Structures are given as C-alpha cells and as structure tokens.
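Text of run.cif (mmCIF, C-alpha atoms) as supplied:
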```cif
data_coords
#
loop_
_atom_site.label_atom_id
_atom_site.label_comp_id
_atom_site.auth_asym_id
_atom_site.auth_seq_id
_atom_site.Cartn_x
_atom_site.Cartn_y
_atom_site.Cartn_z
CA MET A 1 6.96 158.95 40.06
CA ARG A 2 5.92 162.49 39.28
CA LEU A 3 3.48 161.28 36.62
CA PHE A 4 1.35 159.57 39.24
CA GLU A 5 1.50 162.63 41.50
CA PHE A 6 0.10 164.51 38.55
CA LEU A 7 -2.78 162.09 38.28
CA PHE A 8 -3.39 161.89 42.03
CA PRO A 9 -2.34 165.26 43.44
CA ARG A 10 -1.65 165.64 47.16
CA ALA A 11 -2.12 168.82 49.14
CA PRO A 12 1.24 170.59 49.46
CA SER A 13 2.45 169.88 52.98
CA ALA A 14 4.77 172.90 53.27
CA SER A 15 1.85 175.27 53.81
CA ILE A 16 0.52 173.01 56.57
CA ALA A 17 3.95 173.07 58.19
CA LYS A 18 4.06 176.85 58.02
CA GLU A 19 0.65 177.26 59.57
CA ARG A 20 1.39 174.83 62.40
CA LEU A 21 4.70 176.52 63.13
CA GLN A 22 3.19 179.98 63.23
CA LEU A 23 0.55 178.82 65.69
CA VAL A 24 2.86 176.97 68.04
CA LEU A 25 5.52 179.69 68.00
CA ALA A 26 3.00 182.42 68.74
CA HIS A 27 2.02 180.47 71.83
CA GLU A 28 5.57 179.69 72.91
CA ARG A 29 6.83 183.22 72.39
CA ALA A 30 3.99 184.63 74.46
CA GLY A 31 4.95 182.31 77.30
CA ARG A 32 8.66 183.07 76.94
CA ASP A 33 8.47 186.84 76.77
CA GLY A 34 5.55 187.06 79.14
CA PRO A 35 5.77 188.38 82.66
CA ASP A 36 6.90 186.13 85.48
CA PHE A 37 3.86 186.79 87.65
CA LEU A 38 1.63 184.25 85.92
CA GLN A 39 2.60 181.39 88.21
CA ASP A 40 2.11 183.49 91.33
CA LEU A 41 -1.23 184.70 90.03
CA GLN A 42 -2.28 181.13 89.37
CA ARG A 43 -1.34 180.10 92.91
CA ASP A 44 -3.16 183.05 94.52
CA LEU A 45 -6.27 182.51 92.44
CA LEU A 46 -6.31 178.86 93.37
CA ARG A 47 -6.12 179.73 97.05
CA ILE A 48 -9.11 182.06 96.72
CA VAL A 49 -11.17 179.60 94.72
CA GLN A 50 -10.39 176.84 97.18
CA LYS A 51 -11.66 179.07 99.96
CA TYR A 52 -15.15 178.82 98.49
CA VAL A 53 -15.29 175.53 96.62
CA GLU A 54 -13.45 172.26 96.72
CA ALA A 55 -11.19 172.54 93.73
CA SER A 56 -8.17 170.39 92.96
CA ASP A 57 -4.70 171.95 92.68
CA ASP A 58 -4.73 171.84 88.90
CA ALA A 59 -8.20 173.36 88.58
CA ILE A 60 -6.90 176.71 87.37
CA GLU A 61 -5.07 177.48 84.15
CA VAL A 62 -3.71 180.96 83.57
CA ARG A 63 -2.44 181.94 80.14
CA LEU A 64 -1.33 185.13 78.51
CA GLY A 65 -2.11 185.24 74.82
CA ARG A 66 -2.65 187.75 72.07
CA ASN A 67 -5.77 188.63 70.19
CA GLY A 68 -5.04 191.05 67.39
CA GLY A 69 -3.14 193.90 69.02
CA ALA A 70 -4.39 193.27 72.55
CA SER A 71 -2.96 191.04 75.25
CA VAL A 72 -5.51 188.62 76.60
CA LEU A 73 -5.27 187.10 80.03
CA GLU A 74 -7.12 183.84 79.91
CA ILE A 75 -8.15 182.23 83.17
CA ASN A 76 -9.79 178.84 83.10
CA VAL A 77 -11.30 177.58 86.34
CA GLU A 78 -12.51 174.05 86.44
CA LEU A 79 -15.10 173.60 89.17
CA PRO A 80 -15.34 170.17 90.77
CA ARG A 81 -19.04 169.50 90.20
CA PRO A 82 -21.72 171.51 88.44
CA ALA A 83 -22.69 173.98 91.13
CA ARG A 84 -25.51 176.29 90.10
CA THR A 85 -24.58 177.07 86.52
CA THR A 86 -24.66 174.52 83.77
CA ARG A 87 -21.28 175.62 82.35
CA PRO A 88 -18.37 174.33 84.36
CA ARG A 89 -15.86 176.79 82.94
CA THR A 90 -15.57 180.54 83.30
CA ALA A 91 -13.18 182.16 80.94
CA LEU A 92 -11.62 185.22 79.34
CA SER A 93 -11.13 188.41 81.20
CA SER A 94 -9.15 191.02 79.25
CA LEU A 95 -6.09 192.89 80.46
CA MET B 1 39.69 192.89 69.14
CA GLY B 2 38.45 189.73 67.52
CA LYS B 3 34.78 189.04 66.87
CA VAL B 4 33.10 186.00 68.37
CA ILE B 5 30.66 184.08 66.15
CA VAL B 6 28.57 181.26 67.59
CA VAL B 7 27.25 178.60 65.21
CA THR B 8 24.13 177.28 66.88
CA SER B 9 20.73 175.70 66.17
CA GLY B 10 19.07 174.06 69.15
CA LYS B 11 18.37 170.94 67.13
CA GLY B 12 21.10 168.40 66.44
CA GLY B 13 22.19 167.09 63.08
CA VAL B 14 21.32 170.18 61.07
CA GLY B 15 24.89 171.02 60.04
CA LYS B 16 26.44 173.13 62.80
CA THR B 17 29.89 171.54 62.70
CA THR B 18 29.91 171.43 58.88
CA THR B 19 29.02 175.13 58.92
CA ALA B 20 31.56 176.08 61.60
CA ALA B 21 34.30 174.27 59.68
CA ALA B 22 33.30 175.77 56.31
CA MET B 23 32.91 179.32 57.59
CA ALA B 24 36.16 179.21 59.57
CA ALA B 25 38.01 177.99 56.48
CA GLY B 26 36.23 180.62 54.37
CA LEU B 27 37.23 183.46 56.69
CA ALA B 28 40.83 182.19 56.77
CA LEU B 29 40.86 181.97 52.95
CA ARG B 30 39.90 185.64 52.92
CA GLY B 31 43.00 186.42 54.99
CA HIS B 32 41.45 186.69 58.45
CA LYS B 33 43.21 184.97 61.32
CA THR B 34 40.53 182.57 62.51
CA VAL B 35 40.11 179.95 65.21
CA VAL B 36 37.25 177.47 65.39
CA ILE B 37 36.41 176.06 68.83
CA ASP B 38 34.53 172.86 69.61
CA PHE B 39 32.14 173.47 72.54
CA ASP B 40 30.59 170.00 72.41
CA VAL B 41 32.29 168.60 75.51
CA GLY B 42 32.24 164.83 75.57
CA LEU B 43 31.33 164.47 71.90
CA ARG B 44 34.38 165.85 70.14
CA ASN B 45 33.81 165.91 66.38
CA LEU B 46 35.12 169.16 64.94
CA ASP B 47 38.58 167.58 64.83
CA LEU B 48 37.29 164.87 62.48
CA ILE B 49 35.47 167.34 60.21
CA MET B 50 38.62 169.46 60.05
CA GLY B 51 40.81 166.39 59.49
CA CYS B 52 43.12 166.98 62.46
CA GLU B 53 41.93 164.21 64.81
CA ARG B 54 45.39 162.65 65.06
CA ARG B 55 47.03 165.90 66.06
CA VAL B 56 45.01 166.56 69.21
CA VAL B 57 47.29 166.65 72.24
CA PHE B 58 45.74 169.17 74.62
CA ASP B 59 42.13 170.36 74.68
CA PHE B 60 39.82 173.12 75.93
CA ILE B 61 39.48 171.60 79.42
CA ASN B 62 43.27 171.19 79.78
CA VAL B 63 43.65 174.91 79.07
CA ILE B 64 40.87 175.90 81.46
CA ASN B 65 42.37 173.78 84.22
CA GLY B 66 45.81 175.26 83.59
CA ASP B 67 47.32 171.93 82.48
CA ALA B 68 48.30 173.42 79.13
CA LYS B 69 48.86 176.83 77.59
CA LEU B 70 46.45 178.05 74.93
CA ASN B 71 49.15 177.93 72.24
CA GLN B 72 49.88 174.28 73.07
CA ALA B 73 46.23 173.32 72.48
CA LEU B 74 45.64 175.27 69.27
CA ILE B 75 46.14 173.11 66.17
CA LYS B 76 47.38 174.96 63.09
CA ASP B 77 45.57 173.87 59.94
CA LYS B 78 47.85 172.26 57.36
CA ARG B 79 46.00 173.73 54.38
CA LEU B 80 45.35 177.30 55.48
CA ASP B 81 47.91 179.54 57.07
CA LYS B 82 45.51 181.62 59.09
CA LEU B 83 43.29 178.83 60.41
CA PHE B 84 43.49 177.21 63.84
CA ILE B 85 41.41 174.50 65.49
CA PHE B 86 40.76 174.37 69.24
CA PRO B 87 39.50 170.88 70.11
CA THR B 88 37.27 170.07 73.02
CA SER B 89 37.73 167.39 75.62
CA GLN B 90 36.15 163.96 75.66
CA THR B 91 35.44 164.06 79.39
CA ARG B 92 32.01 162.91 80.43
CA ASP B 93 31.67 165.82 82.84
CA LYS B 94 29.39 168.08 80.81
CA ASP B 95 29.83 170.98 83.21
CA ALA B 96 33.60 170.98 82.88
CA LEU B 97 33.48 174.26 80.94
CA LYS B 98 33.61 176.55 83.96
CA ARG B 99 32.43 180.06 83.39
CA GLU B 100 35.52 181.94 84.61
CA GLY B 101 37.84 179.59 82.75
CA VAL B 102 35.96 180.07 79.48
CA ASP B 103 35.88 183.86 80.00
CA LYS B 104 39.65 183.95 80.37
CA VAL B 105 40.26 181.81 77.28
CA MET B 106 37.86 183.87 75.17
CA ASP B 107 39.54 187.12 76.25
CA GLU B 108 42.90 185.72 75.25
CA LEU B 109 41.57 184.52 71.87
CA ARG B 110 39.96 187.90 71.17
CA GLY B 111 43.40 189.44 71.52
CA GLU B 112 45.04 187.02 69.08
CA PHE B 113 42.45 186.34 66.39
CA ASP B 114 40.21 188.31 64.00
CA TYR B 115 37.39 185.77 64.22
CA ILE B 116 36.59 183.19 66.87
CA LEU B 117 33.98 180.65 65.73
CA CYS B 118 32.23 178.68 68.45
CA ASP B 119 30.75 175.38 67.32
CA SER B 120 27.85 174.88 69.74
CA PRO B 121 26.51 171.52 70.91
CA ALA B 122 22.85 170.79 70.26
CA GLY B 123 20.28 171.48 72.95
CA ILE B 124 19.75 174.40 75.31
CA GLU B 125 21.80 173.10 78.21
CA HIS B 126 25.00 174.34 79.79
CA GLY B 127 27.20 173.60 76.75
CA ALA B 128 25.02 175.44 74.26
CA LEU B 129 24.58 178.40 76.62
CA THR B 130 28.34 178.57 77.23
CA ALA B 131 28.96 178.55 73.47
CA LEU B 132 26.59 181.44 72.81
CA TYR B 133 27.43 183.50 75.90
CA HIS B 134 30.35 185.46 74.41
CA ALA B 135 28.90 185.86 70.92
CA ASP B 136 28.92 189.11 68.96
CA HIS B 137 27.34 187.30 66.01
CA ALA B 138 25.20 184.18 65.83
CA VAL B 139 24.81 181.98 62.79
CA ILE B 140 21.55 180.09 63.27
CA VAL B 141 21.74 176.86 61.29
CA THR B 142 18.25 175.70 60.35
CA ASN B 143 16.80 172.97 58.17
CA PRO B 144 13.55 173.76 56.32
CA GLU B 145 11.68 171.41 58.62
CA ILE B 146 9.32 172.22 61.48
CA SER B 147 11.23 170.87 64.46
CA SER B 148 14.41 172.60 63.37
CA VAL B 149 12.64 175.94 62.85
CA ARG B 150 10.97 175.70 66.24
CA ASP B 151 14.28 174.93 67.98
CA SER B 152 15.94 177.82 66.15
CA ASP B 153 13.25 180.12 67.50
CA ARG B 154 14.04 178.86 70.97
CA ILE B 155 17.76 179.53 70.52
CA LEU B 156 16.99 183.04 69.25
CA GLY B 157 15.17 183.59 72.55
CA MET B 158 18.25 182.38 74.44
CA LEU B 159 20.52 184.73 72.49
CA ALA B 160 18.27 187.63 73.40
CA SER B 161 18.19 186.79 77.11
CA LYS B 162 21.20 184.68 78.10
CA SER B 163 24.12 186.13 76.14
CA ARG B 164 26.71 188.39 77.69
CA ARG B 165 25.50 191.23 75.48
CA ALA B 166 21.99 190.78 76.86
CA GLU B 167 23.26 190.62 80.46
CA ARG B 168 25.25 193.82 80.04
CA ASN B 169 22.52 195.67 78.11
CA GLU B 170 24.86 196.04 75.14
CA PRO B 171 23.62 196.04 71.52
CA PRO B 172 22.15 192.60 70.86
CA VAL B 173 23.96 189.69 69.23
CA ALA B 174 23.75 190.07 65.42
CA GLU B 175 21.66 187.16 64.11
CA HIS B 176 22.21 185.48 60.75
CA LEU B 177 20.05 182.68 59.38
CA LEU B 178 21.70 179.91 57.39
CA LEU B 179 19.25 177.50 55.81
CA THR B 180 20.95 174.15 55.20
CA ARG B 181 19.95 170.95 53.38
CA TYR B 182 17.72 173.04 51.16
CA SER B 183 16.08 171.39 48.18
CA PRO B 184 14.73 173.98 45.69
CA ASP B 185 12.88 171.26 43.78
CA ARG B 186 10.95 170.13 46.83
CA VAL B 187 10.19 173.74 47.71
CA ALA B 188 8.84 174.28 44.20
CA ARG B 189 6.59 171.25 44.64
CA GLY B 190 5.26 172.58 47.94
CA GLU B 191 6.85 169.76 49.92
CA MET B 192 9.35 171.87 51.85
CA LEU B 193 9.26 175.19 53.70
CA SER B 194 10.75 177.88 51.48
CA ILE B 195 13.45 180.37 52.40
CA ASP B 196 10.78 183.07 52.52
CA ASP B 197 8.59 180.97 54.85
CA VAL B 198 11.43 180.45 57.30
CA LYS B 199 12.52 184.07 57.08
CA GLU B 200 8.97 185.23 57.78
CA ILE B 201 8.54 182.88 60.74
CA LEU B 202 11.88 183.62 62.41
CA SER B 203 12.35 187.23 61.23
CA VAL B 204 16.11 186.90 60.92
CA ARG B 205 18.21 188.20 58.06
CA ILE B 206 19.37 185.52 55.62
CA LEU B 207 23.08 184.73 55.50
CA GLY B 208 22.73 181.98 52.92
CA ILE B 209 21.09 178.89 51.52
CA ILE B 210 23.15 175.71 51.50
CA PRO B 211 21.69 173.21 49.04
CA GLU B 212 21.36 169.54 49.97
CA SER B 213 24.46 168.02 48.43
CA GLU B 214 26.25 164.69 48.36
CA THR B 215 29.54 166.54 48.48
CA VAL B 216 28.99 167.40 52.18
CA LEU B 217 29.30 163.73 53.17
CA ARG B 218 32.35 163.35 50.95
CA ALA B 219 33.94 166.36 52.66
CA SER B 220 33.34 164.94 56.13
CA ASN B 221 34.53 161.49 55.02
CA THR B 222 37.86 163.02 54.06
CA GLY B 223 38.16 165.60 56.84
CA THR B 224 38.02 168.59 54.51
CA PRO B 225 35.90 171.68 55.13
CA VAL B 226 33.41 171.54 52.24
CA ILE B 227 34.24 175.10 51.20
CA LEU B 228 37.64 173.79 50.04
CA ASP B 229 36.00 171.40 47.54
CA PRO B 230 35.86 173.38 44.27
CA THR B 231 33.28 170.99 42.77
CA SER B 232 30.78 171.30 45.62
CA PRO B 233 27.63 173.43 45.23
CA ALA B 234 27.43 173.54 49.05
CA GLY B 235 30.99 174.85 49.10
CA ARG B 236 30.05 177.66 46.69
CA ALA B 237 27.05 178.48 48.85
CA TYR B 238 29.28 178.70 51.93
CA GLU B 239 31.64 181.01 49.99
CA ASP B 240 28.68 183.29 49.31
CA ALA B 241 27.65 183.16 52.97
CA VAL B 242 31.14 184.13 54.13
CA ALA B 243 31.22 186.98 51.59
CA ARG B 244 27.86 188.25 52.84
CA PHE B 245 29.05 187.97 56.41
CA LEU B 246 31.95 190.24 55.48
CA GLY B 247 29.51 192.76 54.03
CA GLU B 248 29.54 191.91 50.32
CA GLN B 249 26.36 191.75 48.27
CA ARG B 250 25.86 188.37 46.62
CA GLU B 251 22.93 187.09 44.67
CA LEU B 252 21.10 184.27 46.50
CA ARG B 253 22.00 181.13 44.57
CA PHE B 254 20.33 177.73 45.00
CA ALA B 255 16.98 179.26 45.96
CA LYS B 256 15.28 178.20 42.71
CA PRO B 257 15.26 174.81 40.95
CA GLU B 258 17.67 174.36 38.08
CA ARG B 259 16.12 174.34 34.65
CA ARG B 260 15.83 170.81 33.36
CA GLY B 261 14.63 169.04 30.25
CA PHE B 262 10.97 168.11 29.90
CA ILE B 263 11.48 164.39 30.43
CA ARG B 264 13.58 164.85 33.59
CA ALA B 265 11.15 167.40 34.92
CA LEU B 266 8.36 164.89 34.45
CA PHE B 267 10.05 161.80 35.84
CA GLY B 268 13.22 162.82 37.61
CA ARG B 269 13.96 163.76 41.16
CA THR B 270 17.08 165.55 42.25
CA PRO B 271 20.06 163.21 42.08
#
```

Give the structure from the file, written as structure tokens.
Amino acid sequence: MRLFEFLFPRAPSASIAKERLQLVLAHERAGRDGPDFLQDLQRDLLRIVQKYVEASDDAIEVRLGRNGGASVLEINVELPRPARTTRPRTALSSL
Amino acid sequence: MGKVIVVTSGKGGVGKTTTAAAMAAGLALRGHKTVVIDFDVGLRNLDLIMGCERRVVFDFINVINGDAKLNQALIKDKRLDKLFIFPTSQTRDKDALKREGVDKVMDELRGEFDYILCDSPAGIEHGALTALYHADHAVIVTNPEISSVRDSDRILGMLASKSRRAERNEPPVAEHLLLTRYSPDRVARGEMLSIDDVKEILSVRILGIIPESETVLRASNTGTPVILDPTSPAGRAYEDAVARFLGEQRELRFAKPERRGFIRALFGRTP
C-alpha cells in the first residue's frame, strides 16, 4: 500500500537502472564500434611477454575504452609470480 | 516503390507482433496498401494475432521454394480492404529463409505494396538479421526495463552494420523508438525508466508510447489488431504512432499519470 511506502520510503530504482545501463552500454558500444585489431594486438603482445616470462595464455587483457574525449587503450598484463616489483599488474597506456 | 519497415527489438515478448499487427492495420486504415510479413520461421504467430490462422494455405517458405506464387500465399484481411498478411512457415529449419529467395520476394512486394512490415523474431540470429536486412525504416520496440533497452541498443548496432543500406553505403535505416508496456504511474514514482531516460540512452527519435493495457490481451485473444478496438488506450496510442510515422505532429499522450482523486492517489495502483 502506498501509505506504507510513504512511511518507509525506498530509493527509486529507475535511476539505478539508468546508471547501470549507461555504464554497460558505454562499454559494449566501445567494443562493438572499436577496431578489429584488438584481438591481434592481444595475441602479439602475449607472444612477446611469453618470450621473457612464463605467462599463461589469458595473462593479457586488451581493452579500448573512453575517458572524457580521449580513447584509452588499456592493457592489463598479469605476471605469473611477483618478479621484482611488488605490483603484479601494469596498466594504462594512452592512444 | 513500397517502403520496408522492420519491427524489431532483440528481446522477446516486448510486443513486436502486437506492434506489427497494429501498425499494419493503422497504415491500411489510412488508405495505404500494406502487407505484414511474419519472419519468425518455426514459431508462426502473426496469423493468430491477425485472426487469420485458419486461412493459411501457403507460406513464406513455399513461395521462396517456388511451390506457390506470392499471390496464393498472401491472405487478404477480412476487415480492411488494403491489408494483407503473409504468414511464415512452421518448419523447424531456421535457415530456410534463403537470402536470394527473400530478396526476390521483397522486390516483388515493393512493386505491389505501399508499405511492407516485417515482424522480426527475437534474438540476433539469422531470422532477425533477415528481417532487418531490407529495411528502409526500423521500429524498435522497447520496454522500459534494462534488459530490453540493452537488447534494443544491440539491434540498433545491427541495423547500422548489417542492413542492406549499410552494406551499400546508402543513407542509414530510419530508426523509430516505440516504448511499449509503459506505466506513467510507476515512472512518476521512480520505479520505471521514463521515456526521456530511454530516449537519452538510445538516442533514437520517439515514435510513440504505448501504455500498459489490459485491452492488448483481449485483442490477441480475439485475433484483432488492437488499433481496431475503439475502447483501447493502447489502440489510440498506436493510432498516434502511425500518424507520426506518416509525418503528422501529435501530442505525446500517456506519458504522464492521469489525474486521480486524493484517496485513489494515496491507496490505489493502476487497475
């Protein structure tokens, strides 16, 4: 009953829906309209990394996103064991 | 040359067939010679919504395979002079709609009709892509609900890349957003995405808002396009949508809650 909603208001869920949609669609559109070279780039990078360290085949993640007006190429490399640095991930080089 | 309109959505159950039936009837009411085609191979349902299920003799696949002529498969509507229904087949072979065959049929229909409405199956597989391939216009049927909006976005991407217009570098398919099962009361309470939210997210021009209405089920129960039910708010909303499609300006009805008495506003939900 509306009377009880008045006494115990809930956060309007429509705004949550809108926010979630905008986020997920921004990501999906970037992938859809993005260039086709991402997979090739990922494969080549993996080959190079594997030349120097023992990395598994899913150790590299390449993503094209947007940050404000600029395209951002995000490359995540997961190294197998902590080598010399304490941070296992290197990230974010801009296009 | 006739114009091809695809009614599509990505997601199932949002009201594509209801919309295809209503818009086809609406265009025919306005004097345009119109055919509505069921592209949902294997799951024929447009015939039921149009109330002609017992008159199906030949179907889309029969025509493509050369087993029947186009005119033998077209069913003339008993209520509207200018309206024809082109039923699909119930074969389980989903890929039965061969590209060249469909091309030939569409060319022939373009020569005979003013408007050709293609009722797309759900999904983004062969059937849905075949339905949208020839489109000049696309009516994107969307519910104010996240999964439907996301799937509509996906279909918009398909229209921009997989349609014949896209392949040939022609002007893009004209996109029209139709928001169905809309409940202005729930929008006002912040429980449902509003027309403006959906418009902002998808950036497509609005063709209409179809309010959630019990009369839609009644129409499908009786095999009548809901636009032909004079008591139906959804029918009036479809009339507006058809008018806008034909270039008329119409005020957007059903976007705001109806004014109600204090007691009903306090306790009542929409009937």

Query raised in the report: Skipping near chain neighbours, those fewer than 5 positions away, what residues fall within 9 Å of Ala24 (chain B) using all atoms listed in the file, listed as number ranges by chain?
Result: B: 19, 29, 34-36, 83-84, 115-117, 225, 242

Query raised in the report: What do you get, as JSON, numbers by chain, if you spell out every residue that the PyMOL selection byres ((chain B) within 10 of (chain A)) selects here?
Result: {"B": [144, 145, 146, 147, 149, 150, 151, 153, 154, 157, 158, 161, 186, 187, 188, 189, 190, 191, 192, 193, 194, 197, 198, 200, 201, 202, 264, 265, 266, 267, 268, 269]}

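Every residue that the PyMOL selection byres ((chain B and resi 9) around 7) selects in this file is listed here: Thr8, Gly10, Lys11, Ala122, Ile140, Val141, Thr142, Asp151, Ser152 and Ile155 of chain B.
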
**Report entry** Result set of the PyMOL selection byres ((chain B and resi 180) around 12) on the coordinates above, as a count of residues only
**Finding:** 44

Query raised in the report: In Å to one decimal, how far is CA of Asp57 (chain A) from CA of Leu45 (chain A)?
Result: 10.7 Å

Query raised in the report: Distance CA of Tyr52 (chain A)-CA of Glu74 (chain A), one decimal place?
Result: 20.9 Å

Query raised in the report: Around (-13.3, 165.6, 90.0) in the file's own coordinates, what residues are found within 9 Å if you use all atoms listed in the file, given back as a VMD selection string?
Result: chain A and resid 55 to 56 79 to 81

**Report entry** Test item: residues at most 7 Å from Ile5 (chain B), all atoms listed in the file, excluding those fewer than 4 positions along its chain, as a list in words
**Finding:** Ile116, Leu117, Cys118, Ala135, Asp136, His137 and Ala138 of chain B

Report task. Using all atoms listed in the file, determine which residues lie at most 10 Å from Asp103 (chain B), disregarding the query and same-chain residues fewer than 6 positions distant; provide the list as a PyMOL selection string. Result -> chain B and resi 64+97+109+130+133-134
